[in-house]
Every structure is written in C-alpha cells, then in structure tokens.
$ cat start_9.csv   # CSV, C-alpha atoms
chain,number,residue,atom,x,y,z
A,60,MET,CA,110.4,62.3,77.2
A,61,ASN,CA,106.9,61.0,77.9
A,62,ARG,CA,108.0,59.8,81.4
A,63,LEU,CA,109.3,63.4,82.1
A,64,ILE,CA,105.8,64.8,81.4
A,65,TYR,CA,104.4,62.8,84.3
A,66,MET,CA,107.0,64.4,86.6
A,67,LEU,CA,105.7,67.8,85.6
A,68,PRO,CA,103.0,68.1,88.3
A,69,LEU,CA,105.5,67.1,90.9
A,70,ALA,CA,108.0,69.7,89.6
A,71,ILE,CA,105.3,72.4,89.6
A,72,PHE,CA,104.4,71.4,93.2
A,73,LEU,CA,108.0,71.7,94.3
A,74,VAL,CA,108.4,75.1,92.8
A,75,ILE,CA,105.2,76.4,94.5
A,76,ALA,CA,106.2,74.7,97.8
A,77,GLY,CA,109.6,76.4,97.5
A,78,TYR,CA,108.0,79.8,97.3
A,79,PHE,CA,105.6,79.1,100.2
A,80,ALA,CA,108.6,77.9,102.3
A,81,LYS,CA,110.4,81.1,101.6
A,82,GLY,CA,107.2,83.0,102.4
A,83,LEU,CA,107.1,81.5,105.9
A,84,THR,CA,110.5,83.0,106.7
A,85,LEU,CA,109.5,86.5,105.7
A,86,ASN,CA,108.1,89.1,108.1
A,87,PRO,CA,104.7,90.2,106.7
A,88,ARG,CA,105.1,93.6,108.4
A,89,ASP,CA,108.3,94.2,106.5
A,90,MET,CA,106.8,96.1,103.6
A,91,PRO,CA,108.5,98.7,101.4
A,92,SER,CA,107.6,102.1,102.9
A,93,MET,CA,106.0,104.6,100.6
A,94,LEU,CA,107.8,107.3,102.5
A,95,ILE,CA,111.4,106.6,101.8
A,96,ASP,CA,113.0,109.7,100.2
A,97,GLN,CA,109.8,111.6,100.8
A,98,GLU,CA,109.5,114.7,103.0
A,99,VAL,CA,108.3,114.0,106.5
A,100,PRO,CA,104.5,114.3,106.6
A,101,THR,CA,103.2,117.5,108.1
A,102,PHE,CA,101.9,117.1,111.7
A,103,ASP,CA,101.7,119.1,114.8
A,104,LEU,CA,101.1,117.0,117.9
A,105,LYS,CA,100.1,118.2,121.4
A,106,PRO,CA,102.4,117.5,124.4
A,107,LEU,CA,101.8,114.6,126.6
A,108,LYS,CA,100.0,115.4,129.9
A,109,GLY,CA,102.5,117.2,132.2
A,110,PHE,CA,104.9,118.1,129.3
A,111,GLN,CA,105.7,121.6,128.1
A,112,ARG,CA,106.2,121.0,124.4
A,113,GLY,CA,104.7,118.7,121.8
A,114,PHE,CA,106.3,117.6,118.6
A,115,SER,CA,105.7,118.9,115.1
A,116,SER,CA,107.3,118.1,111.7
A,117,ALA,CA,109.1,121.5,111.8
A,118,ASP,CA,111.2,120.3,114.7
A,119,LEU,CA,113.0,117.9,112.4
A,120,LYS,CA,114.6,120.4,110.1
A,121,GLY,CA,118.4,121.0,110.1
A,122,GLN,CA,119.7,117.8,111.7
A,123,VAL,CA,119.7,114.1,111.3
A,124,SER,CA,117.2,112.6,113.7
A,125,LEU,CA,115.5,109.5,114.8
A,126,VAL,CA,111.7,109.4,115.0
A,127,ASN,CA,110.4,106.5,117.2
A,128,ILE,CA,106.8,105.5,117.4
A,129,TRP,CA,105.8,103.7,120.6
A,130,GLY,CA,103.1,103.3,123.1
A,131,SER,CA,102.9,102.2,126.8
A,132,TRP,CA,100.7,99.3,125.6
A,133,CYS,CA,103.5,97.9,123.4
A,134,PHE,CA,105.6,95.2,124.9
A,135,ALA,CA,108.2,95.3,122.2
A,136,CYS,CA,108.7,99.0,122.9
A,137,LEU,CA,109.7,98.1,126.5
A,138,ALA,CA,112.2,95.6,125.1
A,139,GLU,CA,113.6,98.4,122.9
A,140,HIS,CA,113.6,101.0,125.6
A,141,PRO,CA,117.1,100.3,127.2
A,142,MET,CA,118.7,100.6,123.8
A,143,LEU,CA,117.1,104.0,123.2
A,144,MET,CA,118.2,105.1,126.7
A,145,LYS,CA,121.7,104.1,125.8
A,146,ILE,CA,121.6,106.1,122.5
A,147,ALA,CA,120.2,109.1,124.3
A,148,LYS,CA,122.8,108.9,127.1
A,149,GLN,CA,125.6,108.8,124.7
A,150,LYS,CA,124.0,111.7,122.7
A,151,LEU,CA,124.4,109.8,119.5
A,152,ILE,CA,121.3,111.2,117.8
A,153,PRO,CA,118.3,113.2,119.0
A,154,ILE,CA,115.3,110.8,119.4
A,155,TYR,CA,111.9,112.4,118.7
A,156,SER,CA,108.9,110.4,119.4
A,157,ILE,CA,105.2,109.8,118.7
A,158,ASP,CA,103.3,108.3,121.6
A,159,TRP,CA,100.7,106.4,119.7
A,160,ASN,CA,97.3,105.3,120.6
A,161,GLU,CA,97.2,105.6,124.3
A,162,LYS,CA,93.9,104.6,125.8
A,163,ASN,CA,94.4,106.9,128.7
A,164,ARG,CA,96.3,110.3,128.7
A,165,GLU,CA,98.2,109.3,131.9
A,166,ASP,CA,99.6,106.0,130.5
A,167,GLY,CA,102.4,107.5,128.4
A,168,PRO,CA,103.8,109.9,131.0
A,169,LYS,CA,103.5,107.2,133.7
A,170,TRP,CA,105.5,104.8,131.5
A,171,LEU,CA,108.2,107.4,131.0
A,172,VAL,CA,108.5,108.1,134.7
A,173,LYS,CA,108.8,104.4,135.4
A,174,HIS,CA,111.3,103.5,132.7
A,175,GLY,CA,113.1,106.8,131.9
A,176,ASN,CA,112.7,109.2,129.1
A,177,PRO,CA,115.1,109.0,126.2
A,178,TYR,CA,113.2,111.4,124.0
A,179,THR,CA,114.0,115.0,123.0
A,180,LEU,CA,110.4,115.8,122.2
A,181,ILE,CA,107.2,113.7,122.4
A,182,GLY,CA,103.9,114.2,120.6
A,183,ASP,CA,100.7,112.7,121.7
A,184,ASP,CA,98.9,110.9,118.9
A,185,PRO,CA,95.7,109.3,120.4
A,186,LYS,CA,93.8,109.2,117.1
A,187,SER,CA,96.7,107.8,115.0
A,188,ARG,CA,96.8,110.8,112.7
A,189,ALA,CA,100.5,111.1,112.7
A,190,ALA,CA,101.0,107.3,112.8
A,191,ILE,CA,98.8,106.8,109.6
A,192,ALA,CA,100.7,109.7,108.0
A,193,PHE,CA,103.9,107.8,108.6
A,194,GLY,CA,102.3,104.6,107.2
A,195,VAL,CA,102.8,102.8,110.5
A,196,THR,CA,101.4,99.3,111.0
A,197,GLY,CA,102.7,98.6,114.5
A,198,ALA,CA,105.0,99.6,117.2
A,199,PRO,CA,107.8,100.1,117.6
A,200,GLU,CA,108.7,101.6,114.3
A,201,SER,CA,111.5,104.1,113.7
A,202,PHE,CA,112.4,106.5,110.9
A,203,ILE,CA,115.7,108.2,110.1
A,204,VAL,CA,115.2,111.7,108.9
A,205,ASP,CA,117.9,113.7,107.2
A,206,LYS,CA,118.8,117.4,107.6
A,207,ARG,CA,116.3,118.5,104.9
A,208,GLY,CA,113.5,116.7,106.7
A,209,PHE,CA,113.3,113.8,104.3
A,210,ILE,CA,112.7,110.2,105.5
A,211,ARG,CA,115.7,108.1,104.5
A,212,TYR,CA,115.1,104.8,106.4
A,213,LYS,CA,112.3,102.9,108.1
A,214,HIS,CA,113.0,100.4,110.7
A,215,VAL,CA,110.2,98.0,111.6
A,216,GLY,CA,110.5,96.4,115.1
A,217,VAL,CA,112.9,96.8,117.9
A,218,ILE,CA,116.2,98.7,117.5
A,219,ASP,CA,118.9,96.5,119.2
A,220,ASP,CA,122.7,96.6,119.4
A,221,GLU,CA,123.0,94.5,116.3
A,222,ASN,CA,120.9,96.4,113.8
A,223,TRP,CA,122.0,99.7,115.3
A,224,LYS,CA,125.7,98.9,114.7
A,225,SER,CA,125.2,97.2,111.4
A,226,THR,CA,122.7,99.5,109.7
A,227,ILE,CA,121.3,102.5,111.6
A,228,TRP,CA,124.4,104.1,113.0
A,229,PRO,CA,126.4,103.9,109.8
A,230,LEU,CA,123.5,105.4,107.9
A,231,VAL,CA,123.3,108.3,110.4
A,232,GLN,CA,127.0,109.0,110.0
A,233,GLU,CA,126.7,108.9,106.3
A,234,LEU,CA,123.7,111.3,106.3
A,235,ARG,CA,125.6,113.8,108.6
A,236,LYS,CA,128.2,114.2,105.9
A,237,GLN,CA,125.7,115.1,103.3
B,136,MET,CA,67.1,70.4,97.3
B,137,LYS,CA,64.8,73.0,98.8
B,138,PHE,CA,66.5,72.5,102.1
B,139,ILE,CA,69.9,73.2,100.6
B,140,MET,CA,68.5,76.3,98.9
B,141,ALA,CA,67.1,77.5,102.2
B,142,LEU,CA,70.4,76.9,103.9
B,143,MET,CA,72.2,78.9,101.2
B,144,LEU,CA,69.8,81.8,101.5
B,145,LEU,CA,70.3,81.7,105.2
B,146,ALA,CA,74.1,81.8,104.8
B,147,LEU,CA,73.8,84.8,102.4
B,148,SER,CA,71.7,86.7,104.9
B,149,PHE,CA,74.5,86.8,107.4
B,150,SER,CA,76.6,89.8,106.4
B,151,PRO,CA,80.0,90.3,108.1
B,152,ALA,CA,79.7,91.8,111.5
B,153,LEU,CA,79.8,95.6,111.5
B,154,ALA,CA,82.7,97.1,113.3
B,155,VAL,CA,81.5,100.7,112.7
B,156,GLU,CA,80.3,102.1,116.0
B,157,PRO,CA,77.4,104.5,116.2
B,158,SER,CA,79.6,107.3,117.6
B,159,GLU,CA,81.7,107.1,114.5
B,160,MET,CA,78.9,107.5,112.0
B,161,LEU,CA,78.3,110.7,110.1
B,162,ASP,CA,74.9,112.5,110.4
B,163,ASP,CA,74.7,112.9,106.6
B,164,PRO,CA,73.5,109.5,105.3
B,165,VAL,CA,75.0,110.1,101.8
B,166,LEU,CA,78.5,110.9,103.3
B,167,GLU,CA,78.2,107.9,105.7
B,168,GLN,CA,77.4,105.6,102.7
B,169,ARG,CA,80.5,107.0,100.8
B,170,ALA,CA,82.6,106.4,104.0
B,171,ARG,CA,81.3,102.8,104.1
B,172,ASP,CA,82.1,102.2,100.5
B,173,ILE,CA,85.6,103.5,100.9
B,174,SER,CA,86.2,101.6,104.1
B,175,GLN,CA,85.2,98.4,102.4
B,176,GLU,CA,88.0,98.9,99.9
B,177,LEU,CA,90.7,99.6,102.5
B,178,ARG,CA,92.7,96.9,104.1
B,179,CYS,CA,93.1,96.9,107.8
B,180,VAL,CA,96.9,97.0,107.8
B,181,VAL,CA,97.3,95.2,111.1
B,182,CYS,CA,94.9,92.3,110.3
B,183,GLN,CA,96.2,91.5,106.8
B,184,ASN,CA,92.9,90.3,105.3
B,185,GLN,CA,90.0,92.3,106.6
B,186,SER,CA,88.7,95.6,105.5
B,187,ILE,CA,88.7,98.5,108.0
B,188,ASP,CA,85.0,98.4,107.7
B,189,SER,CA,84.8,95.0,109.4
B,190,SER,CA,87.8,95.1,111.7
B,191,ASN,CA,87.7,95.9,115.4
B,192,ALA,CA,91.4,96.8,115.5
B,193,ASP,CA,92.3,100.2,117.0
B,194,LEU,CA,94.1,101.3,113.9
B,195,ALA,CA,91.2,100.3,111.7
B,196,ARG,CA,88.9,102.4,113.8
B,197,ASP,CA,91.3,105.4,113.6
B,198,MET,CA,91.4,104.9,109.8
B,199,ARG,CA,87.6,104.8,109.5
B,200,VAL,CA,87.4,108.1,111.5
B,201,LEU,CA,90.1,109.6,109.3
B,202,VAL,CA,88.2,108.6,106.2
B,203,ARG,CA,85.1,110.3,107.6
B,204,ASP,CA,87.0,113.5,108.6
B,205,ARG,CA,88.4,113.7,105.1
B,206,LEU,CA,85.0,113.4,103.5
B,207,LEU,CA,83.7,116.1,105.8
B,208,GLU,CA,86.6,118.3,104.6
B,209,GLY,CA,85.3,117.8,101.1
B,210,ASP,CA,87.6,115.1,99.7
B,211,SER,CA,86.4,112.9,96.9
B,212,ASN,CA,86.3,109.1,97.3
B,213,GLN,CA,89.4,108.8,95.1
B,214,GLN,CA,91.3,111.5,97.0
B,215,VAL,CA,90.7,109.6,100.3
B,216,LEU,CA,91.9,106.3,98.7
B,217,ASP,CA,94.9,108.1,97.1
B,218,TYR,CA,95.9,109.5,100.5
B,219,MET,CA,95.8,106.0,102.1
B,220,VAL,CA,97.8,104.6,99.1
B,221,SER,CA,100.4,107.4,99.5
B,222,ARG,CA,100.9,106.2,103.1
B,223,TYR,CA,100.7,102.4,102.9
B,224,GLY,CA,101.1,101.6,99.2
B,225,ASP,CA,98.8,99.5,97.1
B,226,PHE,CA,98.9,97.0,99.9
B,227,VAL,CA,96.1,99.0,101.6
B,228,LEU,CA,93.7,98.4,98.7
B,229,LEU,CA,91.8,95.2,99.0
B,230,ASN,CA,91.3,95.3,95.2
B,231,PRO,CA,94.8,95.7,93.7
B,232,PRO,CA,95.1,98.0,90.8
B,233,PHE,CA,96.0,96.8,87.3
B,234,LYS,CA,99.5,98.1,86.6
B,235,VAL,CA,102.9,96.9,85.7
B,236,ALA,CA,103.8,95.6,89.2
B,237,THR,CA,100.6,93.6,89.4
B,238,TYR,CA,100.4,92.2,85.8
B,239,ALA,CA,101.6,88.8,87.0
B,240,LEU,CA,98.8,88.8,89.6
B,241,TRP,CA,96.1,89.6,87.2
B,242,ILE,CA,97.3,87.9,84.0
B,243,GLY,CA,99.1,85.0,85.6
B,244,PRO,CA,96.1,82.8,86.3
B,245,LEU,CA,94.8,83.3,82.7
B,246,LEU,CA,98.2,82.4,81.3
B,247,ILE,CA,98.2,79.2,83.4
B,248,ILE,CA,94.7,78.2,82.3
B,249,GLY,CA,95.8,79.0,78.7
B,250,CYS,CA,98.8,76.7,79.0
B,251,GLY,CA,96.7,74.0,80.5
B,252,LEU,CA,94.2,74.2,77.7
B,253,PHE,CA,97.0,74.2,75.1
B,254,ILE,CA,98.5,71.0,76.6
B,255,VAL,CA,95.1,69.3,76.7
B,256,VAL,CA,94.4,70.1,73.1
B,257,VAL,CA,97.8,69.0,71.9
B,258,PHE,CA,97.5,65.8,73.9
B,259,TYR,CA,94.2,64.8,72.4
B,260,ARG,CA,95.1,65.9,68.9
B,261,ARG,CA,98.3,63.8,69.0
B,262,ARG,CA,96.4,60.8,70.3
B,263,SER,CA,93.7,60.8,67.6
B,264,SER,CA,96.3,61.5,64.9
B,265,ILE,CA,98.0,58.1,65.6
B,266,VAL,CA,96.6,56.2,62.7
B,267,GLY,CA,94.3,53.4,63.5
B,268,ALA,CA,94.7,53.9,67.2
B,269,ASP,CA,90.9,53.8,67.6
B,270,THR,CA,90.1,50.9,65.3
B,271,PRO,CA,90.3,47.5,66.9
B,272,VAL,CA,92.8,45.0,65.6
B,273,ALA,CA,91.7,41.4,65.1
B,274,LEU,CA,92.8,39.0,67.8
B,275,SER,CA,95.6,36.6,67.1
B,276,ASP,CA,94.9,32.9,67.3
B,277,GLU,CA,96.6,32.6,70.6
B,278,GLU,CA,94.6,35.5,72.0
B,279,SER,CA,91.2,34.2,70.9
B,280,ARG,CA,92.0,30.8,72.4
B,281,ARG,CA,92.8,32.5,75.8
B,282,LEU,CA,89.7,34.6,75.6
B,283,GLU,CA,87.6,31.5,75.0
B,284,THR,CA,89.0,29.7,78.0
B,285,LEU,CA,88.5,32.8,80.2
B,286,MET,CA,84.9,33.0,79.1
B,287,LYS,CA,84.3,29.4,79.9
B,288,ASP,CA,85.7,29.9,83.4
B,289,GLU,CA,83.3,32.7,83.9
B,290,ASN,CA,80.4,30.4,83.3
$ encode --input "start_9.csv" --output "structure tokens"
Amino acid sequence: MNRLIYMLPLAIFLVIAGYFAKGLTLNPRDMPSMLIDQEVPTFDLKPLKGFQRGFSSADLKGQVSLVNIWGSWCFACLAEHPMLMKIAKQKLIPIYSIDWNEKNREDGPKWLVKHGNPYTLIGDDPKSRAAIAFGVTGAPESFIVDKRGFIRYKHVGVIDDENWKSTIWPLVQELRKQ
Amino acid sequence: MKFIMALMLLALSFSPALAVEPSEMLDDPVLEQRARDISQELRCVVCQNQSIDSSNADLARDMRVLVRDRLLEGDSNQQVLDYMVSRYGDFVLLNPPFKVATYALWIGPLLIIGCGLFIVVVFYRRRSSIVGADTPVALSDEESRRLETLMKDEN
C-alpha cells in the first residue's frame, strides 16, 4: 500500500499527459458555435464592385442554403473553391457568400473572374460586421441555413468531397424534408 | 537588492504595446476609456491569448471598431460584452464567468490544494502517532562496538 502511494505522482503525471496528448490532436478553431439553431443574424451587405446585388439575411428565407465566408487573401478558400464550383454546377444547393475583409475593393471581383463564381449572391464585408455577427474566426467557414432562416450547422475549414458526402449533403437533404 | 528593485520597476513600466490606432479612437475621452476597458476583456479570437486591445490582427481591429460603434450607439459596457458572447461564446471573454460549465476551472485548483493539504496533515499525524518513533532507542552492544571502531577510524 505504501509503495503504491509513491507511484501516485507518476499516475497523476500520466493522466495529465494523456489529456495534453489528446489536446494536441484537437483543432483549437473547432469551437461549439453559439449560433446553432439560432436565427441568422440580421445583415444587409453591399454588392461587390461591379455586381448588381448585395446579400442580406432576408435572401435566405424559404430554402435550404449554404452561406460561405471567404476572402481573396485566404489560401484555404482557393483550395475549397473547385468543390464549391462543382456544387454550384450540379445545382445541389444555392451558395450565398460573404466576401470578408478585403484590403482592396477590386480584390474579390478579380479573384472571382480568375477562378470562377459559384455564388448566387455575394455581400461585401470589409469591416467584418457580418463575419463577427456569424461568430467567424477564420476563412473559409460555412453555415447551413434551413428554410426558416435558422442556422443548423457550422463547418470550419475547407468543404471537400469527403465531408460533403459524409455530413453536409445528408444534412441538406434532411433539412429539405422538414 | 536595489539593482533588482530597479530592474523590476523598469519591467513594470513597460506596458504591452498598444494596438489601437489613432484613427480608431473616439473623440470623447470617457467613451474611449470605456472602449479600452471593454477591449481588454475581449479575447482576440484569432490569436487565442491576447486581448483585442493589444492585438494587431485584422479581426481584432474590426472588433475594436465595432465596440466603439456600439458605445456611440448608446450600448452599456455589459451590452457590448453580451453581444460578443452571443457571437463567440464565453471563449471571447478573457476572464471566464463563474457558472456551472466553469466550476471545474475555478474550484478545481482549490480542491487540489485542499487534497494536498489533507494528505500532508494525515501523513504527519500518522508519523507522530507511532509511539516512540521520535525517542531514541539505546544501542545494542554490537552497535556500540561498531560505532566505537568507526569513531576511531575517523581520528
């Protein structure tokens, strides 16, 4: 019994080390969103330079939609872009977007000309008002919004074939039935 | 000692670099001070361990400007903080609130200290309660002979 007591510090160390080891594998950006099952925050964003329409929260009512937050400065968004183009081409779901934190008003439109535009509507958010309202910490981030205009899912990071097929697309089909 | 004191004072005099740019500041010094107070309590959500008041990140700047705009619109300090919490959760507060989800965080260390003290007290009590543990026992013949030879060697 006495011998076991001497093993106690080692046991405590192992438990703590175990937690830390687990912590290393977690994504610190993966936080529970405050906005799940909340109504989409109210916003009304101006169009990008050269575009006719901007994007406001009212546009999201009446259909299941994807809201994608991106920026021309964001490399991961470029990696995600072909997947969004594919989704748009197959008309799987309308993709609305917030062009976040552009240094220069030309940057967003230029990027879309160069790479293609998968978005139904785009709002310009140079001062992060909408991004903060969505609780965004980085780009890309995407939200699934249901017919009533409630946020049902938040995806942090790139949408790819795998998470689209395993999580996002099944959820969209589920929400369409409701 | 004086030198060390001087060094410590010097270290104290360096406050963290200010990230707030002059163009962001409000004209009203009272409102600006409130904005500074609020900003120091809000975490820069892209830097993990810096307040938005001391971070140069774009998002931190935009949050500082938002704090000031809200104050101009007449929000109280608490309303501004509540808005940020409604968007980012308690994570955005550098000083986590005392509530069910954070009990472990606040009470945990006290519990651990308590356990440690308890173990120490029990340990010493037990030791002193072993009868005669502290009173020396007379040496046996064999032992005193060995001691003698050892002492001789020493000389």
$ interface_residues --input "start_9.csv" --of "chain B" --to "chain A" --cutoff "12 Å" --atoms "only C-alpha atoms" --output "ChimeraX atom specification"
/B:178-184,192-202,204-205,218-227,247,251,254,258
$ closest_atom_pairs --input "start_9.csv" --of "region 187-214 of chain A" --to "region 102-119 of chain A" --cutoff "9 Å" --atoms "only C-alpha atoms" --output "JSON lines"
{"residue": "A:Arg188", "atom": "CA", "partner": "A:Phe102", "partner_atom": "CA", "distance": 8.2}
{"residue": "A:Ala189", "atom": "CA", "partner": "A:Phe102", "partner_atom": "CA", "distance": 6.2}
{"residue": "A:Ala192", "atom": "CA", "partner": "A:Phe102", "partner_atom": "CA", "distance": 8.4}
{"residue": "A:Val204", "atom": "CA", "partner": "A:Leu119", "partner_atom": "CA", "distance": 7.5}
{"residue": "A:Asp205", "atom": "CA", "partner": "A:Leu119", "partner_atom": "CA", "distance": 8.3}
{"residue": "A:Lys206", "atom": "CA", "partner": "A:Leu119", "partner_atom": "CA", "distance": 7.5}
{"residue": "A:Arg207", "atom": "CA", "partner": "A:Leu119", "partner_atom": "CA", "distance": 8.2}
{"residue": "A:Gly208", "atom": "CA", "partner": "A:Leu119", "partner_atom": "CA", "distance": 5.8}
$ closest_residue --input "start_9.csv" --among "A:Ile128, A:Leu83, A:Cys133, A:Ile146" --to "His214 (chain A)" --atoms "all atoms listed in the file"
A:Ile128
$ atom_distance --input "start_9.csv" --atom1 "CA of Ile210 (chain A)" --atom2 "CA of Leu137 (chain A)"
24.4 Å
$ residues_around --input "start_9.csv" --residues "Ser174 (chain B)" --least-positions-apart "5" --cutoff "7 Å" --atoms "all atoms listed in the file" --output "JSON, numbers by chain"
{"B": [186, 187, 188, 199]}
$ atom_distance --input "start_9.csv" --atom1 "CA of Glu176 (chain B)" --atom2 "CA of Ser190 (chain B)"
12.4 Å
$ residues_around --input "start_9.csv" --residues "Trp228 (chain A)" --least-positions-apart "2" --cutoff "12 Å" --atoms "all atoms listed in the file" --output "ChimeraX atom specification"
/A:123-125,146,151-152,203,212,218-226,230-235
$ atom_distance --input "start_9.csv" --atom1 "CA of Lys145 (chain A)" --atom2 "CA of Arg211 (chain A)"
22.5 Å
$ residues_around --input "start_9.csv" --residues "His174 (chain A)" --least-positions-apart "2" --cutoff "12 Å" --atoms "only C-alpha atoms" --output "list in words"
Ser131, Cys136, Leu137, Ala138, Glu139, His140, Pro141, Met142, Leu143, Met144, Gly167, Pro168, Lys169, Trp170, Leu171, Val172, Asn176, Pro177 and Tyr178 of chain A
$ write_last_selection --input "start_9.csv" --atoms "C-alpha atoms" --output "compact mmCIF listing (two decimals), in the frame of the given file"
# COMPACT_ATOMS: atom_id res chain seq x y z
CA SER A 131 102.90 102.20 126.80
CA CYS A 136 108.70 99.00 122.90
CA LEU A 137 109.70 98.10 126.50
CA ALA A 138 112.20 95.60 125.10
CA GLU A 139 113.60 98.40 122.90
CA HIS A 140 113.60 101.00 125.60
CA PRO A 141 117.10 100.30 127.20
CA MET A 142 118.70 100.60 123.80
CA LEU A 143 117.10 104.00 123.20
CA MET A 144 118.20 105.10 126.70
CA GLY A 167 102.40 107.50 128.40
CA PRO A 168 103.80 109.90 131.00
CA LYS A 169 103.50 107.20 133.70
CA TRP A 170 105.50 104.80 131.50
CA LEU A 171 108.20 107.40 131.00
CA VAL A 172 108.50 108.10 134.70
CA ASN A 176 112.70 109.20 129.10
CA PRO A 177 115.10 109.00 126.20
CA TYR A 178 113.20 111.40 124.00
$ build_atoms --input "start_9.csv" --residues "region 223-250 of chain B" --atoms "N, CA and C atoms" --output "PDB file, in the frame of the given file"
ATOM      1  N   TYR B 223     100.467 103.867 102.692  1.00  0.00           N
ATOM      2  CA  TYR B 223     100.700 102.400 102.900  1.00  0.00           C
ATOM      3  C   TYR B 223     100.946 101.657 101.594  1.00  0.00           C
ATOM      4  N   GLY B 224     100.878 102.335 100.465  1.00  0.00           N
ATOM      5  CA  GLY B 224     101.100 101.600  99.200  1.00  0.00           C
ATOM      6  C   GLY B 224      99.859 100.891  98.746  1.00  0.00           C
ATOM      7  N   ASP B 225      99.983 100.213  97.613  1.00  0.00           N
ATOM      8  CA  ASP B 225      98.800  99.500  97.100  1.00  0.00           C
ATOM      9  C   ASP B 225      98.334  98.396  98.008  1.00  0.00           C
ATOM     10  N   PHE B 226      99.219  97.988  98.942  1.00  0.00           N
ATOM     11  CA  PHE B 226      98.900  97.000  99.900  1.00  0.00           C
ATOM     12  C   PHE B 226      97.561  97.319 100.649  1.00  0.00           C
ATOM     13  N   VAL B 227      97.311  98.603 100.833  1.00  0.00           N
ATOM     14  CA  VAL B 227      96.100  99.000 101.600  1.00  0.00           C
ATOM     15  C   VAL B 227      94.842  98.828 100.840  1.00  0.00           C
ATOM     16  N   LEU B 228      94.952  98.657  99.513  1.00  0.00           N
ATOM     17  CA  LEU B 228      93.700  98.400  98.700  1.00  0.00           C
ATOM     18  C   LEU B 228      93.435  96.939  98.673  1.00  0.00           C
ATOM     19  N   LEU B 229      92.188  96.584  99.000  1.00  0.00           N
ATOM     20  CA  LEU B 229      91.800  95.200  99.000  1.00  0.00           C
ATOM     21  C   LEU B 229      91.719  94.678  97.522  1.00  0.00           C
ATOM     22  N   ASN B 230      91.457  95.617  96.614  1.00  0.00           N
ATOM     23  CA  ASN B 230      91.300  95.300  95.200  1.00  0.00           C
ATOM     24  C   ASN B 230      92.559  95.867  94.488  1.00  0.00           C
ATOM     25  N   PRO B 231      93.601  95.066  94.271  1.00  0.00           N
ATOM     26  CA  PRO B 231      94.800  95.700  93.700  1.00  0.00           C
ATOM     27  C   PRO B 231      94.655  96.231  92.347  1.00  0.00           C
ATOM     28  N   PRO B 232      95.231  97.398  92.071  1.00  0.00           N
ATOM     29  CA  PRO B 232      95.100  98.000  90.800  1.00  0.00           C
ATOM     30  C   PRO B 232      95.802  97.260  89.671  1.00  0.00           C
ATOM     31  N   PHE B 233      95.348  97.432  88.444  1.00  0.00           N
ATOM     32  CA  PHE B 233      96.000  96.800  87.300  1.00  0.00           C
ATOM     33  C   PHE B 233      97.091  97.650  86.786  1.00  0.00           C
ATOM     34  N   LYS B 234      98.332  97.299  87.122  1.00  0.00           N
ATOM     35  CA  LYS B 234      99.500  98.100  86.600  1.00  0.00           C
ATOM     36  C   LYS B 234     100.685  97.166  86.529  1.00  0.00           C
ATOM     37  N   VAL B 235     101.789  97.716  86.011  1.00  0.00           N
ATOM     38  CA  VAL B 235     102.900  96.900  85.700  1.00  0.00           C
ATOM     39  C   VAL B 235     103.307  95.909  86.808  1.00  0.00           C
ATOM     40  N   ALA B 236     103.331  96.461  88.044  1.00  0.00           N
ATOM     41  CA  ALA B 236     103.800  95.600  89.200  1.00  0.00           C
ATOM     42  C   ALA B 236     102.809  94.494  89.467  1.00  0.00           C
ATOM     43  N   THR B 237     101.557  94.615  89.004  1.00  0.00           N
ATOM     44  CA  THR B 237     100.600  93.600  89.400  1.00  0.00           C
ATOM     45  C   THR B 237     100.112  92.790  88.130  1.00  0.00           C
ATOM     46  N   TYR B 238     100.787  92.980  86.984  1.00  0.00           N
ATOM     47  CA  TYR B 238     100.400  92.200  85.800  1.00  0.00           C
ATOM     48  C   TYR B 238     100.417  90.710  86.072  1.00  0.00           C
ATOM     49  N   ALA B 239     101.478  90.247  86.764  1.00  0.00           N
ATOM     50  CA  ALA B 239     101.600  88.800  87.000  1.00  0.00           C
ATOM     51  C   ALA B 239     100.390  88.324  87.822  1.00  0.00           C
ATOM     52  N   LEU B 240      99.958  89.154  88.768  1.00  0.00           N
ATOM     53  CA  LEU B 240      98.800  88.800  89.600  1.00  0.00           C
ATOM     54  C   LEU B 240      97.542  88.647  88.815  1.00  0.00           C
ATOM     55  N   TRP B 241      97.318  89.597  87.907  1.00  0.00           N
ATOM     56  CA  TRP B 241      96.100  89.600  87.200  1.00  0.00           C
ATOM     57  C   TRP B 241      96.071  88.661  85.969  1.00  0.00           C
ATOM     58  N   ILE B 242      97.220  88.649  85.255  1.00  0.00           N
ATOM     59  CA  ILE B 242      97.300  87.900  84.000  1.00  0.00           C
ATOM     60  C   ILE B 242      97.756  86.463  84.253  1.00  0.00           C
ATOM     61  N   GLY B 243      98.540  86.284  85.319  1.00  0.00           N
ATOM     62  CA  GLY B 243      99.100  85.000  85.600  1.00  0.00           C
ATOM     63  C   GLY B 243      98.137  83.819  85.549  1.00  0.00           C
ATOM     64  N   PRO B 244      97.020  83.890  86.294  1.00  0.00           N
ATOM     65  CA  PRO B 244      96.100  82.800  86.300  1.00  0.00           C
ATOM     66  C   PRO B 244      95.542  82.470  84.896  1.00  0.00           C
ATOM     67  N   LEU B 245      95.254  83.524  84.101  1.00  0.00           N
ATOM     68  CA  LEU B 245      94.800  83.300  82.700  1.00  0.00           C
ATOM     69  C   LEU B 245      95.824  82.587  81.902  1.00  0.00           C
ATOM     70  N   LEU B 246      97.084  83.012  82.072  1.00  0.00           N
ATOM     71  CA  LEU B 246      98.200  82.400  81.300  1.00  0.00           C
ATOM     72  C   LEU B 246      98.257  80.888  81.690  1.00  0.00           C
ATOM     73  N   ILE B 247      98.107  80.589  82.979  1.00  0.00           N
ATOM     74  CA  ILE B 247      98.200  79.200  83.400  1.00  0.00           C
ATOM     75  C   ILE B 247      97.076  78.366  82.845  1.00  0.00           C
ATOM     76  N   ILE B 248      95.847  78.927  82.875  1.00  0.00           N
ATOM     77  CA  ILE B 248      94.700  78.200  82.300  1.00  0.00           C
ATOM     78  C   ILE B 248      94.958  78.005  80.788  1.00  0.00           C
ATOM     79  N   GLY B 249      95.477  79.050  80.118  1.00  0.00           N
ATOM     80  CA  GLY B 249      95.800  79.000  78.700  1.00  0.00           C
ATOM     81  C   GLY B 249      96.766  77.830  78.402  1.00  0.00           C
ATOM     82  N   CYS B 250      97.840  77.781  79.214  1.00  0.00           N
ATOM     83  CA  CYS B 250      98.800  76.700  79.000  1.00  0.00           C
ATOM     84  C   CYS B 250      98.190  75.357  79.205  1.00  0.00           C
TER      85      CYS B 250
END
